[in-house]
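Below is the file upload.cif, which contains mmCIF, C-alpha atoms and all ligand atoms.
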```
data_input
loop_
_atom_site.label_atom_id
_atom_site.label_comp_id
_atom_site.auth_asym_id
_atom_site.auth_seq_id
_atom_site.Cartn_x
_atom_site.Cartn_y
_atom_site.Cartn_z
CA MET A 1 0.00 0.00 0.00
CA LYS A 2 1.21 3.49 -0.76
CA ILE A 3 2.15 5.61 2.26
CA SER A 4 0.28 8.52 0.66
CA ASP A 5 -2.90 6.37 0.86
CA ILE A 6 -2.20 5.35 4.48
CA LEU A 7 -1.75 9.01 5.41
CA ALA A 8 -4.85 10.06 3.48
CA GLU A 9 -6.95 7.51 5.40
CA GLY A 10 -6.09 9.48 8.53
CA GLY A 11 -6.38 6.58 10.98
CA LYS A 12 -4.50 6.13 14.24
CA PRO A 13 -0.96 7.53 14.28
CA PHE A 14 1.54 4.81 13.57
CA PRO A 15 5.26 4.15 14.06
CA SER A 16 7.42 4.51 10.97
CA LEU A 17 10.67 2.57 11.29
CA GLU A 18 13.99 3.04 9.53
CA ILE A 19 16.90 0.62 9.44
CA VAL A 20 20.39 0.80 7.99
CA PRO A 21 21.54 -2.08 5.73
CA PRO A 22 24.11 -4.25 7.49
CA LEU A 23 27.80 -4.23 6.68
CA LYS A 24 28.79 -6.93 4.24
CA GLY A 25 29.32 -10.26 5.97
CA MET A 26 26.24 -10.13 8.20
CA THR A 27 23.82 -12.93 7.34
CA LYS A 28 20.18 -12.49 6.41
CA GLU A 29 19.20 -14.41 9.57
CA GLU A 30 21.20 -12.04 11.79
CA LEU A 31 19.53 -9.02 10.21
CA MET A 32 16.05 -10.55 10.46
CA ASP A 33 16.66 -11.42 14.14
CA SER A 34 17.51 -7.76 14.81
CA ILE A 35 14.28 -6.60 13.15
CA ARG A 36 11.96 -9.33 14.54
CA PRO A 37 11.28 -7.63 17.92
CA LEU A 38 9.77 -4.67 16.02
CA MET A 39 7.13 -6.95 14.50
CA GLU A 40 5.30 -6.82 17.86
CA PHE A 41 3.96 -3.44 16.67
CA SER A 42 2.79 -4.64 13.23
CA PRO A 43 4.66 -1.86 11.40
CA LYS A 44 3.03 -0.77 8.16
CA TYR A 45 6.43 -0.56 6.48
CA ILE A 46 10.16 -0.35 7.10
CA ASN A 47 12.41 2.28 5.52
CA VAL A 48 15.82 1.08 4.38
CA THR A 49 18.58 3.66 3.99
CA CYS A 50 20.91 3.86 1.01
CA HIS A 51 24.66 4.42 1.23
CA ARG A 52 27.19 5.68 -1.25
CA ASP A 53 30.23 3.69 -2.19
CA GLU A 54 33.38 4.83 -0.43
CA TYR A 55 36.96 5.19 -1.58
CA GLU A 56 39.41 2.58 -0.35
CA TYR A 57 43.15 2.87 -0.93
CA ARG A 58 45.00 -0.39 -1.60
CA GLU A 59 48.75 -0.70 -1.46
CA LYS A 60 50.31 -2.18 -4.58
CA ALA A 61 53.42 -4.35 -4.80
CA ASP A 62 55.56 -1.31 -5.74
CA GLY A 63 54.47 0.57 -2.59
CA THR A 64 52.15 3.00 -4.40
CA PHE A 65 48.42 3.07 -3.74
CA SER A 66 45.45 2.53 -6.03
CA ARG A 67 42.02 4.01 -5.31
CA HIS A 68 38.90 1.80 -5.47
CA LEU A 69 35.23 2.59 -4.98
CA VAL A 70 33.83 -0.03 -2.63
CA ARG A 71 30.42 -0.71 -1.17
CA ARG A 72 30.62 -1.48 2.53
CA ARG A 73 26.99 -2.38 3.08
CA VAL A 74 24.51 -4.78 1.55
CA SER A 75 22.33 -2.91 -0.96
CA GLU A 76 19.00 -1.47 0.17
CA THR A 77 17.29 -3.43 -2.62
CA ALA A 78 18.57 -6.76 -1.27
CA VAL A 79 17.54 -5.80 2.28
CA CYS A 80 14.05 -4.74 1.11
CA GLY A 81 13.61 -8.08 -0.69
CA ALA A 82 14.69 -10.01 2.41
CA ILE A 83 12.29 -8.10 4.72
CA MET A 84 9.37 -8.48 2.32
CA SER A 85 9.87 -12.24 1.99
CA GLU A 86 10.47 -12.80 5.73
CA PHE A 87 7.78 -10.56 7.26
CA GLY A 88 5.45 -9.84 4.35
CA ILE A 89 5.45 -6.10 5.00
CA GLU A 90 6.04 -3.09 2.77
CA THR A 91 9.49 -1.61 2.51
CA VAL A 92 10.58 1.90 1.56
CA PRO A 93 13.99 1.96 -0.07
CA HIS A 94 15.82 5.28 0.05
CA ILE A 95 17.17 6.45 -3.30
CA ILE A 96 19.98 9.01 -3.39
CA CYS A 97 21.21 11.21 -6.23
CA GLY A 98 24.85 10.69 -5.25
CA GLY A 99 26.89 8.21 -7.27
CA ALA A 100 24.27 7.37 -9.92
CA ASN A 101 23.21 8.92 -13.21
CA ALA A 102 19.64 9.27 -14.43
CA ASP A 103 19.75 6.02 -16.45
CA GLU A 104 21.02 4.02 -13.48
CA ILE A 105 18.28 5.45 -11.27
CA GLU A 106 15.67 4.59 -13.88
CA SER A 107 16.96 0.99 -13.95
CA LEU A 108 16.69 0.90 -10.15
CA LEU A 109 13.07 2.10 -10.37
CA HIS A 110 12.32 -0.76 -12.79
CA ASP A 111 13.84 -3.24 -10.30
CA LEU A 112 11.80 -1.80 -7.42
CA ARG A 113 8.62 -1.92 -9.46
CA PHE A 114 9.37 -5.53 -10.40
CA MET A 115 9.73 -6.36 -6.69
CA GLY A 116 6.27 -4.91 -5.97
CA ILE A 117 7.63 -1.91 -4.07
CA SER A 118 5.34 1.11 -4.21
CA ASN A 119 7.08 3.58 -1.87
CA VAL A 120 10.45 5.34 -2.04
CA MET A 121 12.26 8.13 -0.17
CA ALA A 122 14.02 10.53 -2.54
CA LEU A 123 17.19 12.14 -1.17
CA ARG A 124 20.24 13.88 -2.47
CA GLY A 125 22.75 12.13 -0.19
CA ASP A 126 25.92 13.71 1.13
CA SER A 127 29.27 14.30 -0.48
CA ILE A 128 31.63 11.38 -0.61
CA ILE A 129 34.50 11.42 1.93
CA GLY A 130 37.25 13.63 0.55
CA GLU A 131 34.81 15.75 -1.52
CA LYS A 132 34.08 19.23 -0.12
CA ARG A 133 30.63 19.78 -1.61
CA PHE A 134 28.13 17.36 -3.04
CA THR A 135 28.85 16.82 -6.73
CA PRO A 136 26.51 14.81 -8.93
CA VAL A 137 28.01 12.29 -11.34
CA GLN A 138 27.77 13.24 -15.02
CA GLY A 139 24.13 12.92 -16.06
CA GLY A 140 23.01 12.65 -12.43
CA TYR A 141 20.75 14.82 -10.27
CA ARG A 142 21.99 17.80 -8.26
CA TYR A 143 19.05 18.18 -5.87
CA ALA A 144 16.52 15.77 -4.38
CA GLY A 145 13.77 17.78 -6.15
CA GLU A 146 15.18 16.73 -9.54
CA LEU A 147 15.10 13.11 -8.39
CA VAL A 148 11.50 13.49 -7.21
CA ALA A 149 10.54 14.89 -10.63
CA ALA A 150 12.26 11.94 -12.37
CA ILE A 151 10.43 9.40 -10.16
CA ARG A 152 7.16 11.21 -10.94
CA ARG A 153 7.88 10.98 -14.69
CA PHE A 154 8.53 7.24 -14.38
CA GLU A 155 5.50 5.32 -15.74
CA ASN A 156 3.38 8.49 -15.53
CA GLY A 157 3.96 8.82 -11.80
CA LYS A 158 1.57 6.01 -10.91
CA ILE A 159 3.98 3.51 -9.37
CA PHE A 160 5.55 5.18 -6.33
CA SER A 161 4.50 7.26 -3.36
CA ILE A 162 7.45 9.56 -2.64
CA GLY A 163 8.77 10.85 0.68
CA VAL A 164 11.45 13.55 1.07
CA GLY A 165 13.61 14.83 3.93
CA GLY A 166 12.97 18.06 5.85
CA TYR A 167 15.18 19.85 8.37
CA PRO A 168 13.55 21.47 11.44
CA GLU A 169 16.96 22.95 12.33
CA LYS A 170 17.85 23.84 8.69
CA HIS A 171 19.95 21.83 6.28
CA PHE A 172 23.58 22.66 7.00
CA GLU A 173 24.26 24.02 3.49
CA ALA A 174 21.25 26.35 3.32
CA PRO A 175 22.03 30.02 4.03
CA ASN A 176 18.89 30.43 6.19
CA MET A 177 15.66 28.72 7.16
CA GLU A 178 13.49 30.68 4.68
CA THR A 179 15.62 29.51 1.75
CA ASP A 180 15.69 25.93 3.00
CA ILE A 181 11.89 25.84 3.36
CA ALA A 182 11.50 27.42 -0.11
CA ASN A 183 13.71 24.59 -1.44
CA LEU A 184 11.65 22.03 0.47
CA LYS A 185 8.55 23.42 -1.22
CA LYS A 186 10.24 22.87 -4.60
CA LYS A 187 10.56 19.16 -3.72
CA VAL A 188 6.91 18.99 -2.78
CA ASP A 189 5.88 20.87 -5.93
CA ALA A 190 7.94 18.35 -7.94
CA GLY A 191 5.69 15.58 -6.61
CA ALA A 192 6.65 14.52 -3.07
CA ASP A 193 3.71 13.14 -1.08
CA TYR A 194 5.03 13.68 2.44
CA ILE A 195 8.05 14.85 4.42
CA ILE A 196 10.02 12.99 7.08
CA THR A 197 12.15 15.23 9.25
CA GLN A 198 15.70 14.94 10.40
CA MET A 199 15.93 13.91 14.06
CA PHE A 200 15.42 16.62 16.68
CA PHE A 201 15.42 16.61 20.48
CA ASP A 202 13.21 19.59 21.27
CA ASN A 203 9.63 19.29 20.04
CA LYS A 204 9.21 23.05 19.94
CA VAL A 205 11.68 23.10 17.06
CA PHE A 206 9.42 20.69 15.15
CA TYR A 207 6.21 22.60 15.87
CA ASP A 208 7.83 25.86 14.69
CA PHE A 209 9.08 24.13 11.57
CA VAL A 210 5.61 22.79 10.71
CA GLU A 211 4.15 26.25 11.22
CA ARG A 212 6.71 27.82 8.88
CA CYS A 213 6.17 25.10 6.26
CA ARG A 214 2.41 25.67 6.35
CA ALA A 215 2.92 29.43 6.08
CA ALA A 216 5.12 28.78 3.02
CA GLY A 217 2.29 26.81 1.36
CA ILE A 218 3.55 23.27 2.05
CA THR A 219 0.42 21.23 2.68
CA VAL A 220 1.63 17.59 2.61
CA PRO A 221 1.90 15.55 5.86
CA ILE A 222 5.07 16.14 7.89
CA ILE A 223 6.26 13.14 9.89
CA PRO A 224 8.61 13.91 12.81
CA GLY A 225 11.82 11.87 13.02
CA LEU A 226 13.14 10.74 16.41
CA LYS A 227 16.27 8.99 17.54
CA PRO A 228 16.75 7.99 21.16
CA LEU A 229 20.18 8.78 22.55
CA SER A 230 21.82 5.67 23.96
CA THR A 231 25.40 6.70 24.76
CA VAL A 232 27.04 9.81 26.22
CA THR A 233 29.32 10.20 23.18
CA GLN A 234 26.28 10.89 20.99
CA ILE A 235 25.80 14.32 22.56
CA ASN A 236 28.86 15.45 20.58
CA MET A 237 28.67 13.06 17.65
CA LEU A 238 25.09 13.75 16.53
CA PRO A 239 25.34 17.58 16.41
CA GLU A 240 28.56 17.21 14.42
CA SER A 241 27.13 14.69 11.96
CA PHE A 242 23.63 16.13 11.56
CA SER A 243 23.94 19.87 12.39
CA LEU A 244 21.40 19.78 15.18
CA ASP A 245 21.02 21.00 18.73
CA ILE A 246 20.71 18.89 21.87
CA PRO A 247 18.85 20.82 24.60
CA MET A 248 20.89 21.72 27.70
CA GLU A 249 18.60 19.71 29.98
CA LEU A 250 19.18 16.51 27.98
CA THR A 251 22.92 17.24 27.59
CA LYS A 252 23.26 17.66 31.35
CA ALA A 253 21.28 14.52 32.12
CA MET A 254 23.42 12.48 29.72
CA LEU A 255 26.66 13.90 31.17
CA ASP A 256 25.40 13.13 34.69
CA ALA A 257 25.30 9.47 33.67
CA GLY A 258 29.12 9.53 33.37
CA ASP A 259 30.44 6.00 32.90
CA ASP A 260 27.11 4.43 33.85
CA LYS A 261 26.10 3.12 30.41
CA GLU A 262 22.71 1.85 31.55
CA LYS A 263 21.86 5.23 33.12
CA ALA A 264 22.78 7.02 29.86
CA TYR A 265 20.69 4.55 27.91
CA ARG A 266 17.71 5.04 30.27
CA THR A 267 18.02 8.83 30.10
CA GLY A 268 17.95 8.81 26.28
CA THR A 269 15.07 6.34 26.16
CA GLU A 270 12.94 8.27 28.68
CA TRP A 271 13.55 11.54 26.81
CA CYS A 272 12.44 9.95 23.56
CA ILE A 273 9.29 8.50 25.19
CA MET A 274 8.47 12.00 26.48
CA GLN A 275 9.00 13.50 23.01
CA CYS A 276 6.95 10.80 21.31
CA LYS A 277 3.98 11.10 23.70
CA ASP A 278 3.95 14.87 23.28
CA LEU A 279 4.05 14.61 19.46
CA LEU A 280 1.14 12.14 19.50
CA GLU A 281 -0.85 14.51 21.74
CA HIS A 282 -0.19 17.21 19.16
CA GLY A 283 -1.83 15.08 16.47
CA VAL A 284 1.11 14.00 14.26
CA PRO A 285 0.08 11.35 11.70
CA ALA A 286 3.07 9.09 12.47
CA VAL A 287 6.43 9.13 14.24
CA HIS A 288 9.52 8.03 12.34
CA PHE A 289 12.27 6.28 14.32
CA TYR A 290 15.89 6.13 13.27
CA THR A 291 16.51 2.68 14.76
CA MET A 292 20.13 2.37 13.56
CA GLY A 293 19.57 -1.41 13.63
CA LYS A 294 19.03 -1.45 17.41
CA SER A 295 15.58 -2.49 18.51
CA ARG A 296 15.77 -2.72 22.34
CA ASN A 297 15.16 0.98 23.07
CA ILE A 298 12.71 1.37 20.16
CA VAL A 299 10.61 -1.52 21.50
CA GLU A 300 10.50 0.15 24.94
CA ILE A 301 9.53 3.51 23.44
CA LEU A 302 6.81 2.05 21.24
CA ARG A 303 5.36 0.06 24.16
CA ALA A 304 5.27 3.21 26.30
CA ALA A 305 3.99 5.70 23.73
CA PHE A 306 1.76 3.92 21.18
P1 LIG B 1 18.10 18.47 -1.04
O1 LIG B 1 16.66 18.59 -0.81
O2 LIG B 1 18.59 18.39 -2.45
O3 LIG B 1 18.79 19.72 -0.30
C1 LIG B 1 20.20 19.83 -0.18
C2 LIG B 1 20.58 21.29 -0.04
O4 LIG B 1 20.31 21.98 -1.26
C3 LIG B 1 19.76 22.05 1.02
O5 LIG B 1 20.60 23.00 1.63
C4 LIG B 1 18.66 22.74 0.22
O6 LIG B 1 18.21 23.94 0.84
C5 LIG B 1 19.34 23.00 -1.11
N1 LIG B 1 18.42 22.89 -2.25
C6 LIG B 1 17.48 21.94 -2.45
N2 LIG B 1 16.87 22.14 -3.63
C7 LIG B 1 17.43 23.23 -4.19
C8 LIG B 1 17.22 23.92 -5.42
N3 LIG B 1 16.31 23.52 -6.28
N4 LIG B 1 17.99 25.01 -5.66
C9 LIG B 1 18.95 25.43 -4.77
N5 LIG B 1 19.18 24.82 -3.60
C10 LIG B 1 18.44 23.72 -3.32
N6 LIG B 1 21.41 10.23 3.26
C11 LIG B 1 21.88 9.12 2.65
O7 LIG B 1 22.99 9.13 2.10
N7 LIG B 1 21.12 7.96 2.61
C12 LIG B 1 19.90 7.89 3.20
O8 LIG B 1 19.26 6.84 3.15
C13 LIG B 1 19.38 9.05 3.85
N8 LIG B 1 18.17 9.04 4.44
C14 LIG B 1 17.67 10.19 4.99
C15 LIG B 1 16.37 10.20 5.53
C16 LIG B 1 15.82 11.38 6.05
C17 LIG B 1 14.42 11.35 6.61
C18 LIG B 1 16.60 12.57 6.07
C19 LIG B 1 16.03 13.82 6.66
C20 LIG B 1 17.89 12.57 5.56
C21 LIG B 1 18.44 11.40 5.01
N9 LIG B 1 19.72 11.36 4.45
C22 LIG B 1 20.19 10.23 3.85
C23 LIG B 1 20.60 12.55 4.53
C24 LIG B 1 20.50 13.46 3.29
O9 LIG B 1 20.88 12.77 2.13
C25 LIG B 1 21.43 14.65 3.53
O10 LIG B 1 20.94 15.43 4.59
C26 LIG B 1 21.74 15.52 2.33
O11 LIG B 1 22.78 16.43 2.70
C27 LIG B 1 20.57 16.35 1.81
O12 LIG B 1 19.63 15.56 1.24
P2 LIG B 1 18.21 16.17 0.79
O13 LIG B 1 17.50 15.09 0.11
O14 LIG B 1 17.55 16.85 1.91
O15 LIG B 1 18.75 17.25 -0.30
#
```
Output the file's structure as C-alpha cells, nothing else.
Amino acid sequence: MKISDILAEGGKPFPSLEIVPPLKGMTKEELMDSIRPLMEFSPKYINVTCHRDEYEYREKADGTFSRHLVRRRVSETAVCGAIMSEFGIETVPHIICGGANADEIESLLHDLRFMGISNVMALRGDSIIGEKRFTPVQGGYRYAGELVAAIRRFENGKIFSIGVGGYPEKHFEAPNMETDIANLKKKVDAGADYIITQMFFDNKVFYDFVERCRAAGITVPIIPGLKPLSTVTQINMLPESFSLDIPMELTKAMLDAGDDKEKAYRTGTEWCIMQCKDLLEHGVPAVHFYTMGKSRNIVEILRAAF
C-alpha cells in the first residue's frame, strides 16, 4: 500500500521505522533477528537507507596506492527483498542522487517496481569522503527535487509514493531557514507526497518548523523523526554529523550518567518517550524512528507511547 494512501486515510498515528543495511558479511538471519522484535507493533512498512560507495586505498606491490570505490553495506534493494519475503510487509527503499546517473536510477526504479515496491524516499545524499561539496556524477541529479521529478515521470507517476527529507533545524548548506523551506517546497511541488524530518530533540523546534512550512504553502503531511540517545558520546557526535542542537537539559542529564552506560541509555530512552507522547498529543500522523539497527530501546519507546 502506498504511504500517501495510508496518510490520506487518517487513521490512528503509527510508528514509521527506519533501518540501515548491514555491513557486508552479516547474514540475512542475523539481520532478520535484529528486526523481529519490532514486528510486535505490526509496522506498516520499514524504511531502508541507502549508502554511497566509499573510496578505499590499496597498497600495490611497488608501494604506491590505487584508489577503489567499494560498497561497505549490503544494498537497500537486497535488504528490502529479504524483509518483504520474511515478514510480508512493505518496505521503503531510500534512493539518493549521489553516485548514480539518471539512467542508473531509472533501472533501479524498474527493479523496485518488479519487486512490488510502491514507496520510495528521494534524497540527495551527502558528499563522498574527501569531496568538499556534493557533486553529482555526469548525467546525475543535483538536488533531491530533480530526483523526485524523475520518479514522478517514471511510468506516468503512478507507481511510487514519494517521501522527502525536511530539516527542522535547517539543512547545514542552506544560508537560512526561509531559503531551505523554499527549497523544500520545490521538492513537494515536484511531486513529493510527504516529508520525514531529520531527528530533533526539542519538540518546539518541530512545531515551529511545521508552522513555517504551512505558512510557506507546504500542505503535505510532515512526519517527525526521532532517535533515542543511547550513549554519552552521541551528545557530541550527533550535532557534528547532523547539524542539530541537543537541549541543555538533555545534555546535562546524559553527562550526569558519566560512565554508567545503563543510566545514559535510560536517560535517552525516557527523553524519547516524552518527546513521542507529546508529538502524538499534538496530532502528528506518524512518528519516524531512526533505529540504527538497534531495537531494544525502540521496543521500549513504542510500548510506552503507542
Ligand atoms: P536536497 O533537498 O537536495 O537539499 C540539499 C541542499 O540543497 C539544502 O541545503 C537545500 O536547501 C538546497 N536545495 C534543495 N533544492 C534546491 C534547489 N532547487 N535550488 C537550490 N538549492 C536547493 N542520506 C543518505 O545518504 N542515505 C539515506 O538513506 C538518507 N536518508 C535520509 C532520511 C531522512 C528522513 C533525512 C532527513 C535525511 C536522510 N539522508 C540520507 C541525509 C540526506 O541525504 C542529507 O541530509 C543531504 O545532505 C541532503 O539531502 P536532501 O534530500 O535533503 O537534499
Would you mind listing, for every residue of chain A within 7 Å of ligand LIG 1 (chain B), the two atoms forming the shortest contact and the distance between them in Å to one decimal, using all atoms listed in the file, sorted by chain and ascending residue number, as a Markdown table?
```
| residue | atom | partner | partner_atom | distance |
| --- | --- | --- | --- | --- |
| A:Val48 | CA | B:LIG1 | O8 | 6.8 |
| A:Thr49 | CA | B:LIG1 | O8 | 3.4 |
| A:Cys50 | CA | B:LIG1 | O8 | 4.0 |
| A:His51 | CA | B:LIG1 | O7 | 5.1 |
| A:Arg52 | CA | B:LIG1 | O7 | 6.4 |
| A:His94 | CA | B:LIG1 | O8 | 4.9 |
| A:Ile95 | CA | B:LIG1 | O8 | 6.8 |
| A:Ile96 | CA | B:LIG1 | N7 | 6.2 |
| A:Ala122 | CA | B:LIG1 | O13 | 6.3 |
| A:Leu123 | CA | B:LIG1 | O13 | 3.2 |
| A:Arg124 | CA | B:LIG1 | O13 | 4.0 |
| A:Gly125 | CA | B:LIG1 | O9 | 3.0 |
| A:Asp126 | CA | B:LIG1 | O11 | 4.4 |
| A:Arg142 | CA | B:LIG1 | O2 | 6.8 |
| A:Tyr143 | CA | B:LIG1 | O2 | 3.5 |
| A:Ala144 | CA | B:LIG1 | O2 | 3.9 |
| A:Gly145 | CA | B:LIG1 | N2 | 5.9 |
| A:Val164 | CA | B:LIG1 | O13 | 6.3 |
| A:Gly165 | CA | B:LIG1 | C19 | 3.8 |
| A:Gly166 | CA | B:LIG1 | C19 | 5.3 |
| A:Tyr167 | CA | B:LIG1 | C19 | 6.3 |
| A:His171 | CA | B:LIG1 | O5 | 4.8 |
| A:Phe172 | CA | B:LIG1 | O5 | 6.2 |
| A:Glu173 | CA | B:LIG1 | O5 | 4.2 |
| A:Ala174 | CA | B:LIG1 | O5 | 3.8 |
| A:Thr179 | CA | B:LIG1 | O6 | 6.2 |
| A:Asp180 | CA | B:LIG1 | O6 | 3.9 |
| A:Asn183 | CA | B:LIG1 | N2 | 4.6 |
| A:Leu184 | CA | B:LIG1 | O1 | 6.2 |
| A:Lys186 | CA | B:LIG1 | N3 | 6.3 |
| A:Lys187 | CA | B:LIG1 | O1 | 6.8 |
| A:Ile196 | CA | B:LIG1 | C17 | 4.7 |
| A:Thr197 | CA | B:LIG1 | C19 | 4.9 |
| A:Gln198 | CA | B:LIG1 | C19 | 3.9 |
| A:Gly225 | CA | B:LIG1 | C17 | 6.9 |
```
* Asked: Between A:Met254, A:Val205, A:Val299, A:Ile218, which one has atoms that come closest to A:Ala190, using all atoms listed in the file?
  ->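 Selected residue with least distance to A:Ala190: A:Ile218.
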Hey, could you pull the box centre and edge lengths for stretch 284-289 of chain A, axis-aligned, 4 Å padding per side, all listed atoms, to one decimal in Å, as lines of an AutoDock Vina configuration file?
```
center_x = 6.2
center_y = 10.1
center_z = 13.0
size_x = 20.2
size_y = 15.7
size_z = 10.6
```
* Asked: Can you tell me, as a list in words, what residues are no more than 8 Å from A:Tyr141 when counting only C-alpha atoms, ignoring any on the same chain fewer than 5 positions away?
  -> Cys97, Gly98, Asn101, Ala102, Arg124, Pro136, Glu146 and Leu147 of chain A
Written selection (C-alpha atoms) as a compact mmCIF listing (two decimals), in the frame of the given file:
```txt
# COMPACT_ATOMS: atom_id res chain seq x y z
CA CYS A 97 21.21 11.21 -6.23
CA GLY A 98 24.85 10.69 -5.25
CA ASN A 101 23.21 8.92 -13.21
CA ALA A 102 19.64 9.27 -14.43
CA ARG A 124 20.24 13.88 -2.47
CA PRO A 136 26.51 14.81 -8.93
CA GLU A 146 15.18 16.73 -9.54
CA LEU A 147 15.10 13.11 -8.39
```
* Around (21.5, 0.7, 8.8) in the file's frame, which residues reach within 7 Å when counting all atoms listed in the file? Return as a ChimeraX atom specification? -> /A:19-22,49,292-293
* Asked: If we count all atoms listed in the file, what is near stretch 155-161 of chain A at a cut-off of 6 Å, once residues fewer than 4 positions away on the same chain are taken out, given as a VMD selection string?
  -> chain A and resid 2 4 118 to 119
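Of the residues listed (A:Arg67, A:Lys227, A:Lys44, A:Arg212), A:Lys44 shows the shortest atom-to-atom separation from A:Glu90; distances use only C-alpha atoms.
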* **Selection near A:Asn236, 10 Å with only C-alpha atoms, sequence-local residues under 3 positions removed, as a ChimeraX atom specification** => /A:232-233,239-241,245-246,251
